[in-house]
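Notes follow the structure.
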Amino acid sequence: MRGSIDGLGSSAPIGMMLPAVFADDDLAQRFVAGLDEVLAPIHNVLDCLDVYFTPSLAPADFTRWLGDWVGAETDGVDGVPLLRAAVAAAARLHRIRGTRQGLAEAIRLAFGVDPEITESGGAAWNARPLGPVPGDRRPRLHVTVTLPDPSPADQHRLESLVAAARPAHMPYTVQVTAAERTPGR
């Protein structure tokens, strides 16, 4: 939440803009100095407005709001760096939504690992008519994510994410597995 900041000076003090008759008036100068203190954070935000719409530079709370505004998948995202990456990638992800690449990128941004995606579809070209149909007859999608320390909430997060980013007609299953730990690490 933006608010007043102790010691923040105004970039445009009102006292300097008053007519000359008030320049030496102590009461008028103290009155507008109070207004300067209230308006200084607003001037500061307006002076840096482009930064607020750059996810890598914006304050974390504003970045989360910006993520809601652009439709970024930020539910359960841990850490500010992953949040910033998810918001920055939102427009690109909307363009490739419903594709294998889009699903993989959304999962990578949410969990920080590459998913294993298996699907039934395929595409092929044949010069002869009535050639073999690629893929399986029944559509299916299976997504596996291997995490170092999975929690029960990760299964729900993955299921919600796949439901939102998959092709609309595709039935799916998800699985979260624990990464194998090697001794000595």
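Chains: A, B, ... in order of the structure tokens. Residues: from 1 per chain. Ligands: from 1, in order shown.
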Find the residues near segment 175-182 of chain A: any atom within 9 Å, counting only C-alpha atoms, skip ones fewer than 5 places away on the same chain, and give them as a list in words.
-> His142, Val143, Thr144, Val145, Thr146, Leu147, Pro148, Asp149, Pro150, Ser151, Pro152, Asp154, Gln155, Leu158 and Glu159 of chain A
Write out as a PDB file with C-alpha atoms, in the first residue's frame the residues lying within 12 Å of segment 26-42 of chain A, counting only C-alpha atoms and excluding same-chain residues fewer than 3 positions away.
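Final output, out23.pdb:
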ATOM      1  CA  MET A   1       0.000   0.000   0.000  1.00  0.00           C
ATOM      2  CA  ARG A   2       1.413   3.368  -0.953  1.00  0.00           C
ATOM      3  CA  GLY A   3       1.401   6.056   1.747  1.00  0.00           C
ATOM      4  CA  SER A   4       3.380   8.880   3.253  1.00  0.00           C
ATOM      5  CA  ILE A   5       7.110   8.443   3.682  1.00  0.00           C
ATOM      6  CA  ASP A   6       8.954  10.309   6.430  1.00  0.00           C
ATOM      7  CA  GLY A   7      11.475  12.767   5.061  1.00  0.00           C
ATOM      8  CA  LEU A   8      10.411  12.444   1.415  1.00  0.00           C
ATOM      9  CA  GLY A   9      10.583  15.869  -0.174  1.00  0.00           C
ATOM     10  CA  SER A  10       8.268  16.988  -2.919  1.00  0.00           C
ATOM     11  CA  SER A  11       9.613  17.271  -6.446  1.00  0.00           C
ATOM     12  CA  ALA A  12       7.336  20.300  -6.961  1.00  0.00           C
ATOM     13  CA  PRO A  13       7.016  22.262  -3.676  1.00  0.00           C
ATOM     14  CA  ILE A  14       3.816  24.296  -3.593  1.00  0.00           C
ATOM     15  CA  GLY A  15       5.443  27.090  -1.571  1.00  0.00           C
ATOM     16  CA  MET A  16       7.637  27.980  -4.547  1.00  0.00           C
ATOM     17  CA  MET A  17       4.545  28.333  -6.751  1.00  0.00           C
ATOM     18  CA  LEU A  18       2.638  30.718  -4.488  1.00  0.00           C
ATOM     19  CA  PRO A  19       2.223  34.355  -5.506  1.00  0.00           C
ATOM     20  CA  ALA A  20       4.905  36.745  -4.221  1.00  0.00           C
ATOM     21  CA  VAL A  21       2.592  38.141  -1.538  1.00  0.00           C
ATOM     22  CA  PHE A  22       2.689  34.720   0.233  1.00  0.00           C
ATOM     23  CA  ALA A  23       6.419  34.099  -0.277  1.00  0.00           C
ATOM     24  CA  VAL A  45       4.843   7.527  -8.029  1.00  0.00           C
ATOM     25  CA  LEU A  46       3.995   9.715 -11.016  1.00  0.00           C
ATOM     26  CA  ASP A  47       7.673  10.528 -11.600  1.00  0.00           C
ATOM     27  CA  CYS A  48       8.437   6.779 -11.678  1.00  0.00           C
ATOM     28  CA  LEU A  49       5.210   5.531 -13.267  1.00  0.00           C
TER      29      LEU A  49
END
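Between Arg100 of chain A and the residues A:Ala124, A:Pro171, A:Val162, A:Ala86, the shortest atom-to-atom distance, using only C-alpha atoms, involves A:Val162.
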Those of segment 4-172 of chain A in DSSP strand (DSSP E or B), formatted as a VMD selection string | chain A and resid 116 to 119 141 to 147 172
Residues of the last selection are to be written out with N, CA and C atoms, as a compact mmCIF listing (two decimals), in the first residue's frame.
# COMPACT_ATOMS: atom_id res chain seq x y z
N GLU A 116 7.37 -33.02 -17.36
CA GLU A 116 7.36 -34.11 -18.35
C GLU A 116 5.91 -34.19 -18.84
N ILE A 117 5.73 -33.93 -20.14
CA ILE A 117 4.39 -33.89 -20.72
C ILE A 117 4.26 -34.99 -21.76
N THR A 118 3.26 -35.85 -21.60
CA THR A 118 2.96 -36.85 -22.62
C THR A 118 1.53 -36.61 -23.09
N GLU A 119 1.35 -36.72 -24.40
CA GLU A 119 0.04 -36.47 -24.97
C GLU A 119 -0.23 -37.46 -26.09
N LEU A 141 -3.78 -36.34 -21.93
CA LEU A 141 -2.65 -35.50 -21.56
C LEU A 141 -2.24 -35.88 -20.16
N HIS A 142 -0.95 -36.13 -19.96
CA HIS A 142 -0.43 -36.46 -18.64
C HIS A 142 0.77 -35.57 -18.36
N VAL A 143 0.76 -34.91 -17.21
CA VAL A 143 1.83 -34.00 -16.82
C VAL A 143 2.44 -34.49 -15.51
N THR A 144 3.75 -34.66 -15.51
CA THR A 144 4.47 -35.06 -14.31
C THR A 144 5.48 -33.97 -13.97
N VAL A 145 5.49 -33.59 -12.71
CA VAL A 145 6.46 -32.61 -12.22
C VAL A 145 7.23 -33.26 -11.08
N THR A 146 8.55 -33.20 -11.16
CA THR A 146 9.41 -33.76 -10.13
C THR A 146 9.99 -32.60 -9.32
N LEU A 147 9.66 -32.58 -8.03
CA LEU A 147 10.09 -31.50 -7.14
C LEU A 147 11.02 -32.05 -6.06
N TYR A 172 -7.15 -34.81 -18.89
CA TYR A 172 -5.78 -34.78 -18.39
C TYR A 172 -5.65 -35.47 -17.05
What parts of segment 13-177 of chain A does DSSP call alpha helix (DSSP H)? I'd like the answer as a compact mmCIF listing (two decimals) with N, CA, C and O atoms, in the first residue's frame.
# COMPACT_ATOMS: atom_id res chain seq x y z
N ASP A 26 4.84 33.24 6.79
CA ASP A 26 5.22 32.00 7.47
C ASP A 26 4.05 31.02 7.58
O ASP A 26 4.21 29.82 7.37
N LEU A 27 2.85 31.51 7.89
CA LEU A 27 1.68 30.63 8.01
C LEU A 27 1.36 29.96 6.68
O LEU A 27 1.11 28.75 6.64
N ALA A 28 1.38 30.71 5.60
CA ALA A 28 1.07 30.14 4.29
C ALA A 28 2.11 29.11 3.89
O ALA A 28 1.78 28.04 3.36
N GLN A 29 3.38 29.40 4.17
CA GLN A 29 4.45 28.46 3.82
C GLN A 29 4.35 27.16 4.63
O GLN A 29 4.54 26.07 4.09
N ARG A 30 4.04 27.26 5.93
CA ARG A 30 3.89 26.06 6.76
C ARG A 30 2.66 25.25 6.33
O ARG A 30 2.67 24.03 6.34
N PHE A 31 1.58 25.96 5.95
CA PHE A 31 0.37 25.27 5.50
C PHE A 31 0.64 24.46 4.24
O PHE A 31 0.28 23.28 4.16
N VAL A 32 1.27 25.06 3.24
CA VAL A 32 1.51 24.33 2.00
C VAL A 32 2.62 23.29 2.15
O VAL A 32 2.65 22.31 1.41
N ALA A 33 3.49 23.48 3.15
CA ALA A 33 4.51 22.45 3.43
C ALA A 33 3.82 21.15 3.89
O ALA A 33 4.27 20.05 3.57
N GLY A 34 2.73 21.28 4.66
CA GLY A 34 1.95 20.10 5.06
C GLY A 34 1.32 19.41 3.86
O GLY A 34 1.25 18.18 3.79
N LEU A 35 0.85 20.21 2.91
CA LEU A 35 0.30 19.64 1.68
C LEU A 35 1.39 18.94 0.87
O LEU A 35 1.16 17.89 0.27
N ASP A 36 2.59 19.54 0.85
CA ASP A 36 3.72 18.92 0.15
C ASP A 36 4.03 17.54 0.70
O ASP A 36 4.32 16.61 -0.04
N GLU A 37 3.95 17.41 2.03
CA GLU A 37 4.25 16.12 2.66
C GLU A 37 3.23 15.06 2.25
O GLU A 37 3.56 13.90 2.05
N VAL A 38 1.98 15.47 2.08
CA VAL A 38 0.92 14.55 1.66
C VAL A 38 1.05 14.21 0.18
O VAL A 38 0.83 13.06 -0.24
N LEU A 39 1.41 15.19 -0.63
CA LEU A 39 1.48 14.99 -2.08
C LEU A 39 2.80 14.40 -2.56
O LEU A 39 2.88 13.90 -3.68
N ALA A 40 3.84 14.43 -1.75
CA ALA A 40 5.16 13.94 -2.17
C ALA A 40 5.13 12.48 -2.64
O ALA A 40 5.71 12.16 -3.68
N PRO A 41 4.46 11.54 -1.93
CA PRO A 41 4.42 10.16 -2.45
C PRO A 41 3.70 10.05 -3.79
O PRO A 41 4.08 9.24 -4.64
N ILE A 42 2.68 10.87 -3.99
CA ILE A 42 1.97 10.84 -5.28
C ILE A 42 2.88 11.32 -6.40
O ILE A 42 2.96 10.70 -7.46
N HIS A 43 3.60 12.42 -6.15
CA HIS A 43 4.55 12.91 -7.14
C HIS A 43 5.63 11.88 -7.41
O HIS A 43 6.05 11.70 -8.56
N ASN A 44 6.09 11.21 -6.36
CA ASN A 44 7.12 10.19 -6.51
C ASN A 44 6.63 9.06 -7.41
O ASN A 44 7.36 8.59 -8.29
N VAL A 45 5.41 8.60 -7.20
CA VAL A 45 4.84 7.53 -8.03
C VAL A 45 4.69 7.99 -9.47
O VAL A 45 5.04 7.28 -10.42
N LEU A 46 4.18 9.20 -9.65
CA LEU A 46 4.00 9.71 -11.02
C LEU A 46 5.33 9.92 -11.74
O LEU A 46 5.43 9.68 -12.94
N ASP A 47 6.36 10.36 -11.00
CA ASP A 47 7.67 10.53 -11.60
C ASP A 47 8.26 9.19 -12.05
O ASP A 47 9.06 9.14 -12.98
N LEU A 49 6.35 6.35 -12.86
CA LEU A 49 5.21 5.53 -13.27
C LEU A 49 5.60 4.39 -14.20
O LEU A 49 5.07 3.28 -14.08
N ASP A 50 6.54 4.61 -15.10
CA ASP A 50 6.94 3.53 -16.01
C ASP A 50 7.54 2.35 -15.25
O ASP A 50 7.40 1.19 -15.66
N VAL A 51 8.17 2.61 -14.12
CA VAL A 51 8.76 1.53 -13.31
C VAL A 51 7.66 0.64 -12.73
O VAL A 51 7.84 -0.57 -12.60
N TYR A 52 6.52 1.21 -12.40
CA TYR A 52 5.44 0.43 -11.82
C TYR A 52 4.86 -0.58 -12.80
O TYR A 52 4.25 -1.56 -12.40
N ALA A 60 6.94 -5.26 -4.95
CA ALA A 60 6.39 -6.62 -4.97
C ALA A 60 4.86 -6.64 -4.86
O ALA A 60 4.20 -7.40 -5.57
N ASP A 61 4.29 -5.80 -3.98
CA ASP A 61 2.83 -5.82 -3.83
C ASP A 61 2.15 -5.31 -5.08
O ASP A 61 1.11 -5.82 -5.49
N PHE A 62 2.74 -4.34 -5.74
CA PHE A 62 2.17 -3.83 -6.98
C PHE A 62 2.33 -4.85 -8.11
O PHE A 62 1.46 -4.99 -8.96
N THR A 63 3.44 -5.60 -8.09
CA THR A 63 3.65 -6.65 -9.10
C THR A 63 2.58 -7.72 -8.99
O THR A 63 2.09 -8.22 -9.99
N ARG A 64 2.21 -8.08 -7.75
CA ARG A 64 1.14 -9.08 -7.56
C ARG A 64 -0.18 -8.54 -8.13
O ARG A 64 -0.91 -9.25 -8.80
N TRP A 65 -0.49 -7.26 -7.87
CA TRP A 65 -1.70 -6.65 -8.42
C TRP A 65 -1.63 -6.61 -9.94
O TRP A 65 -2.61 -6.90 -10.63
N LEU A 66 -0.47 -6.26 -10.48
CA LEU A 66 -0.28 -6.22 -11.92
C LEU A 66 -0.49 -7.61 -12.53
O LEU A 66 -1.06 -7.75 -13.61
N GLY A 67 -0.06 -8.65 -11.81
CA GLY A 67 -0.29 -10.02 -12.26
C GLY A 67 -1.76 -10.35 -12.37
O GLY A 67 -2.20 -11.01 -13.31
N ASP A 68 -2.56 -9.89 -11.41
CA ASP A 68 -4.02 -10.09 -11.49
C ASP A 68 -4.59 -9.32 -12.67
O ASP A 68 -5.50 -9.79 -13.35
N TRP A 69 -4.07 -8.16 -12.92
CA TRP A 69 -4.56 -7.29 -13.98
C TRP A 69 -4.31 -7.88 -15.36
O TRP A 69 -5.15 -7.78 -16.25
N VAL A 70 -3.15 -8.53 -15.58
CA VAL A 70 -2.83 -9.09 -16.89
C VAL A 70 -3.16 -10.57 -16.99
O VAL A 70 -2.90 -11.20 -18.01
N VAL A 80 9.53 -13.57 -4.80
CA VAL A 80 9.34 -12.43 -5.68
C VAL A 80 9.95 -12.66 -7.07
O VAL A 80 9.34 -12.28 -8.06
N PRO A 81 11.12 -13.30 -7.20
CA PRO A 81 11.67 -13.50 -8.56
C PRO A 81 10.75 -14.32 -9.47
O PRO A 81 10.56 -13.97 -10.64
N LEU A 82 10.13 -15.38 -8.94
CA LEU A 82 9.20 -16.17 -9.76
C LEU A 82 7.93 -15.38 -10.07
O LEU A 82 7.39 -15.49 -11.17
N LEU A 83 7.47 -14.57 -9.12
CA LEU A 83 6.31 -13.72 -9.35
C LEU A 83 6.60 -12.73 -10.48
O LEU A 83 5.80 -12.57 -11.39
N ARG A 84 7.74 -12.09 -10.43
CA ARG A 84 8.11 -11.12 -11.47
C ARG A 84 8.21 -11.80 -12.84
O ARG A 84 7.76 -11.26 -13.85
N ALA A 85 8.79 -12.99 -12.88
CA ALA A 85 8.92 -13.73 -14.14
C ALA A 85 7.55 -14.12 -14.69
O ALA A 85 7.31 -14.03 -15.90
N ALA A 86 6.63 -14.55 -13.82
CA ALA A 86 5.30 -14.94 -14.26
C ALA A 86 4.52 -13.75 -14.83
O ALA A 86 3.84 -13.88 -15.85
N VAL A 87 4.64 -12.60 -14.19
CA VAL A 87 3.93 -11.42 -14.67
C VAL A 87 4.54 -10.94 -16.00
O VAL A 87 3.82 -10.58 -16.92
N ALA A 88 5.85 -10.96 -16.08
CA ALA A 88 6.52 -10.51 -17.32
C ALA A 88 6.17 -11.42 -18.50
O ALA A 88 6.09 -10.96 -19.64
N ALA A 90 3.32 -13.10 -18.94
CA ALA A 90 1.87 -13.31 -19.09
C ALA A 90 1.39 -13.08 -20.52
O ALA A 90 0.63 -13.91 -21.05
N ALA A 91 1.79 -12.01 -21.15
CA ALA A 91 1.29 -11.72 -22.51
C ALA A 91 1.75 -12.80 -23.49
O ALA A 91 0.96 -13.28 -24.32
N ARG A 92 3.01 -13.21 -23.38
CA ARG A 92 3.53 -14.26 -24.27
C ARG A 92 2.81 -15.57 -24.01
O ARG A 92 2.48 -16.31 -24.94
N LEU A 93 2.54 -15.88 -22.74
CA LEU A 93 1.83 -17.13 -22.41
C LEU A 93 0.39 -17.13 -22.93
O LEU A 93 -0.13 -18.18 -23.29
N HIS A 94 -0.24 -15.98 -22.96
CA HIS A 94 -1.61 -15.92 -23.50
C HIS A 94 -1.60 -16.24 -25.00
O HIS A 94 -2.55 -16.82 -25.51
N ARG A 95 -0.54 -15.86 -25.69
CA ARG A 95 -0.45 -16.15 -27.14
C ARG A 95 -0.27 -17.63 -27.41
O ARG A 95 -0.74 -18.13 -28.43
N ARG A 100 1.46 -27.27 -26.20
CA ARG A 100 2.41 -27.97 -25.33
C ARG A 100 3.45 -27.01 -24.80
O ARG A 100 3.81 -27.05 -23.62
N GLN A 101 3.95 -26.13 -25.66
CA GLN A 101 4.95 -25.15 -25.26
C GLN A 101 4.40 -24.20 -24.20
O GLN A 101 5.07 -23.90 -23.22
N GLY A 102 3.17 -23.75 -24.38
CA GLY A 102 2.54 -22.85 -23.42
C GLY A 102 2.34 -23.52 -22.07
O GLY A 102 2.57 -22.91 -21.02
N LEU A 103 1.91 -24.77 -22.07
CA LEU A 103 1.72 -25.52 -20.84
C LEU A 103 3.04 -25.72 -20.12
O LEU A 103 3.15 -25.51 -18.91
N ALA A 104 4.07 -26.11 -20.85
CA ALA A 104 5.39 -26.33 -20.25
C ALA A 104 5.94 -25.05 -19.65
O ALA A 104 6.49 -25.04 -18.54
N GLU A 105 5.79 -23.93 -20.35
CA GLU A 105 6.30 -22.66 -19.85
C GLU A 105 5.54 -22.20 -18.61
O GLU A 105 6.14 -21.69 -17.67
N ALA A 106 4.23 -22.38 -18.58
CA ALA A 106 3.43 -22.00 -17.41
C ALA A 106 3.84 -22.81 -16.19
O ALA A 106 3.97 -22.27 -15.08
N ILE A 107 4.07 -24.10 -16.38
CA ILE A 107 4.50 -24.95 -15.26
C ILE A 107 5.91 -24.57 -14.81
O ILE A 107 6.21 -24.51 -13.62
N ARG A 108 6.78 -24.30 -15.76
CA ARG A 108 8.16 -23.90 -15.44
C ARG A 108 8.17 -22.61 -14.61
O ARG A 108 8.93 -22.48 -13.64
N LEU A 109 7.32 -21.67 -14.96
CA LEU A 109 7.25 -20.42 -14.21
C LEU A 109 6.66 -20.61 -12.82
O LEU A 109 7.07 -19.96 -11.86
N ALA A 110 5.68 -21.49 -12.70
CA ALA A 110 5.02 -21.70 -11.41
C ALA A 110 5.85 -22.53 -10.44
O ALA A 110 5.87 -22.27 -9.24
N PHE A 111 6.54 -23.55 -10.96
CA PHE A 111 7.25 -24.48 -10.08
C PHE A 111 8.77 -24.36 -10.17
O PHE A 111 9.48 -24.89 -9.33
N PRO A 152 1.49 -31.64 -0.36
CA PRO A 152 0.16 -31.96 -0.91
C PRO A 152 -0.45 -30.80 -1.70
O PRO A 152 -1.22 -31.01 -2.63
N ALA A 153 -0.10 -29.57 -1.35
CA ALA A 153 -0.64 -28.42 -2.06
C ALA A 153 -0.11 -28.35 -3.49
O ALA A 153 -0.76 -27.79 -4.38
N ASP A 154 1.08 -28.90 -3.74
CA ASP A 154 1.66 -28.86 -5.09
C ASP A 154 0.80 -29.63 -6.09
O ASP A 154 0.67 -29.23 -7.24
N GLN A 155 0.22 -30.74 -5.67
CA GLN A 155 -0.66 -31.52 -6.54
C GLN A 155 -1.86 -30.68 -6.96
O GLN A 155 -2.22 -30.63 -8.14
N HIS A 156 -2.45 -29.98 -6.01
CA HIS A 156 -3.61 -29.12 -6.30
C HIS A 156 -3.20 -27.96 -7.21
O HIS A 156 -3.92 -27.62 -8.15
N ARG A 157 -2.06 -27.33 -6.93
CA ARG A 157 -1.57 -26.22 -7.75
C ARG A 157 -1.34 -26.67 -9.19
O ARG A 157 -1.71 -25.99 -10.15
N LEU A 158 -0.71 -27.85 -9.35
CA LEU A 158 -0.44 -28.37 -10.69
C LEU A 158 -1.74 -28.68 -11.41
O LEU A 158 -1.90 -28.35 -12.59
N GLU A 159 -2.69 -29.28 -10.70
CA GLU A 159 -3.97 -29.60 -11.33
C GLU A 159 -4.70 -28.34 -11.79
O GLU A 159 -5.22 -28.28 -12.91
N SER A 160 -4.71 -27.30 -10.97
CA SER A 160 -5.35 -26.04 -11.34
C SER A 160 -4.66 -25.40 -12.54
O SER A 160 -5.31 -24.88 -13.45
N LEU A 161 -3.34 -25.44 -12.54
CA LEU A 161 -2.58 -24.83 -13.62
C LEU A 161 -2.79 -25.56 -14.94
O LEU A 161 -3.01 -24.93 -15.97
N VAL A 162 -2.76 -26.88 -14.91
CA VAL A 162 -2.97 -27.67 -16.13
C VAL A 162 -4.40 -27.48 -16.63
O VAL A 162 -4.63 -27.35 -17.84
N ALA A 163 -5.37 -27.43 -15.74
CA ALA A 163 -6.76 -27.22 -16.15
C ALA A 163 -6.94 -25.89 -16.87
O ALA A 163 -7.71 -25.80 -17.82
N ALA A 164 -6.19 -24.88 -16.45
CA ALA A 164 -6.31 -23.56 -17.07
C ALA A 164 -5.52 -23.43 -18.36
O ALA A 164 -5.92 -22.70 -19.26
N ALA A 165 -4.38 -24.12 -18.48
CA ALA A 165 -3.47 -23.89 -19.61
C ALA A 165 -3.53 -24.98 -20.68
O ALA A 165 -2.89 -24.85 -21.72
What does the distance between atom CA of Gly79 of chain A and atom CA of Pro115 of chain A come to in Å, to one decimal place?
->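 Going from atom CA of Gly79 of chain A over to atom CA of Pro115 of chain A covers 19.6 Å.
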In Å, how far is it from atom CA of Thr54 of chain A to atom CA of Asp78 of chain A?
->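 Separating atom CA of Thr54 of chain A from atom CA of Asp78 of chain A is a distance of 19.4 Å.
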What is the atom CA of Met170 of chain A to atom CA of Pro134 of chain A distance in Å?
->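 Separation between atom CA of Met170 of chain A and atom CA of Pro134 of chain A: 16.2 Å.
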